[in-house]
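First comes the structure, then the notes that go with it.
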Amino acid sequence: MFGTRKDMDLDLNFNLKEIASSSMILFAVIDIVGSVPIIIGLRNKVGHIQSEKASMVAAILMVAFLFVGEEILNLIGIDVNSFAVAGAFVIFFLAIEMILGITLYRDDAPESASIVPIAFPLIAGAGTMTSLLSLRAEFYVENIIVAIVVNIIFVYLVLKSSTRIEKFLGKNGISVIRKVFGVILLAIAVKLFAANINELF
């Protein structure tokens with residue numbers, strides 16, 4: 001079933017399928033494995049990355065936006081379905097970047113490995129925030145929060161062992177992973193668009 005979810009009821013609506021779907025979507029959008037080369041570059045520049053702090057700040061930003069983001073949209077007169085459709089386009093172009101190996105848009109390379117470049121925008125960037133509100137239009141909030149926690153744990157592990165991951169996967173391995181998740185993101189974008197476009201008319 002698709003459509004806008006109501007605000008969280010008193011009863012918790014944990015659903016393993018929704019948790020798995022949300023986790024997969026966030027994993028593909030955050031693309032922390034594909035960001036390993038960037039993380040390695042930052043580590044080489046500054047010598048140390050604060051993995052715990054970066055992961056915690058990213059988690060707080062994501063959960064906060066999950067709740068406050070919709071209120072911000074309401075203030076400017078935009079409903080979640082409209083944002084979900086817009087998010088579908090953002091995710092579509094992210095997928096095209098990953099599949100074709102091109103860069104449609106990229107922020108300037110950060111100069112230091114502080115909270116700002118790692119937690120935001122590398123982890124909790126525009127694509128992640130857009131995806132969170134798009135997920136809010138389809139899934140219960142509690143399932144999305146679990147998915148955020150799952151992804152943050154994974155992000156923390158990757159940040160801690162980024163050098164070993166890069167050596168293990170190699171450039172070709174990371175490239176293959178990016179393309180696979182690019183295809184998944186493309187399918188997600190189509191699904192989000194189809195699920196929410198009818199609500200606008």
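Quick note on naming: the chains in the structure tokens go A, B, ... in the order shown, residues restart at 1 in each chain, and ligands are numbered from 1 in order of appearance.
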Range 47-117 of chain A near range 156-163 of chain A within 7 Å: what's each residue's closest atom pair and its distance in Å to one decimal, counting only C-alpha atoms, ordered by chain then ascending residue number, as JSON lines?
```
{"residue": "A:Ser51", "atom": "CA", "partner": "A:Leu159", "partner_atom": "CA", "distance": 5.7}
{"residue": "A:Glu52", "atom": "CA", "partner": "A:Tyr156", "partner_atom": "CA", "distance": 6.6}
{"residue": "A:Ser55", "atom": "CA", "partner": "A:Tyr156", "partner_atom": "CA", "distance": 5.8}
```
Taking N, CA and C atoms for each residue, export the selection above as an mmCIF file, in the first residue's frame.
```
data_model
loop_
_atom_site.group_PDB
_atom_site.id
_atom_site.type_symbol
_atom_site.label_atom_id
_atom_site.label_comp_id
_atom_site.auth_asym_id
_atom_site.auth_seq_id
_atom_site.Cartn_x
_atom_site.Cartn_y
_atom_site.Cartn_z
ATOM 1 N N SER A 51 35.332 9.657 14.083
ATOM 2 C CA SER A 51 34.264 8.780 13.617
ATOM 3 C C SER A 51 33.028 8.839 14.504
ATOM 4 N N GLU A 52 33.239 8.777 15.835
ATOM 5 C CA GLU A 52 32.106 8.771 16.766
ATOM 6 C C GLU A 52 31.300 10.062 16.674
ATOM 7 N N SER A 55 29.454 10.480 13.246
ATOM 8 C CA SER A 55 28.300 9.582 13.149
ATOM 9 C C SER A 55 27.146 10.077 14.014
#
```
For range 63-146 of chain A against range 197-201 of chain A, with a cut-off of 8 Å and counting only C-alpha atoms, what is the closest atom pair and its distance in Å to one decimal for every residue that makes the cut, ordered by chain and number, as a Markdown table?
```
| residue | atom | partner | partner_atom | distance |
| --- | --- | --- | --- | --- |
| A:Asn81 | CA | A:Glu199 | CA | 6.7 |
| A:Ser82 | CA | A:Leu200 | CA | 6.9 |
| A:Val85 | CA | A:Ile197 | CA | 6.5 |
```
Residue list (alpha helix (DSSP H), DSSP) for range 27-192 of chain A, as a PyMOL selection string: chain A and resi 27-30+36-46+51-75+80-100+115-117+126-136+141-160+162-192
Residues near Ala95 in chain A, cut-off 12 Å, only C-alpha atoms, skip fewer than 3 positions along chain, as an MDAnalysis selection string: chainID A and resid 25 28:31 88:92 98:104 127 178:190
Surrounding residues of range 164-176 of chain A excluding itself and chain neighbours under 5 positions, 7 Å, only C-alpha atoms, as an NGL selection string: :A and (33-34 or 36)
Save out the residues we just selected, all heavy atoms, as a tab-separated table (two decimals), in the first residue's frame.
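Result file follows (part01.tsv):
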```
chain	number	residue	atom	x	y	z
A	33	VAL	N	30.16	3.57	1.37
A	33	VAL	CA	31.23	2.75	0.79
A	33	VAL	C	31.83	3.45	-0.43
A	33	VAL	O	33.06	3.47	-0.61
A	33	VAL	CB	30.70	1.34	0.40
A	33	VAL	CG1	31.78	0.55	-0.32
A	33	VAL	CG2	30.23	0.59	1.63
A	34	GLY	N	30.96	4.04	-1.25
A	34	GLY	CA	31.44	4.78	-2.41
A	34	GLY	C	32.21	6.03	-2.03
A	34	GLY	O	32.98	6.57	-2.84
A	36	VAL	N	34.40	6.10	0.38
A	36	VAL	CA	35.66	5.70	1.02
A	36	VAL	C	36.86	6.46	0.45
A	36	VAL	O	37.72	6.92	1.21
A	36	VAL	CB	35.87	4.18	0.92
A	36	VAL	CG1	37.31	3.80	1.25
A	36	VAL	CG2	34.91	3.46	1.87
```
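For Gly125 in chain A, the non-local neighbours within 12 Å, defined as residues at least 5 positions apart in the same chain or in other chains and counting only C-alpha atoms, are A:Leu26, A:Val29, A:Ile30, A:Asp31, A:Ile32, A:Ala58, A:Ala59, A:Leu61, A:Met62, A:Phe65, A:Val90, A:Leu94, A:Arg106, A:Asp107, A:Val116, A:Pro117, A:Ile118, A:Ala119, A:Phe120, A:Thr130, A:Ser131, A:Leu132.
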Nearest candidate to Leu16 in chain A (options A:Ile144, A:Leu192, A:Val149, A:Ala137; using only C-alpha atoms): A:Ile144
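The two atoms in question, CA of Met56 in chain A and CA of Leu122 in chain A, are spaced 13.5 Å apart.
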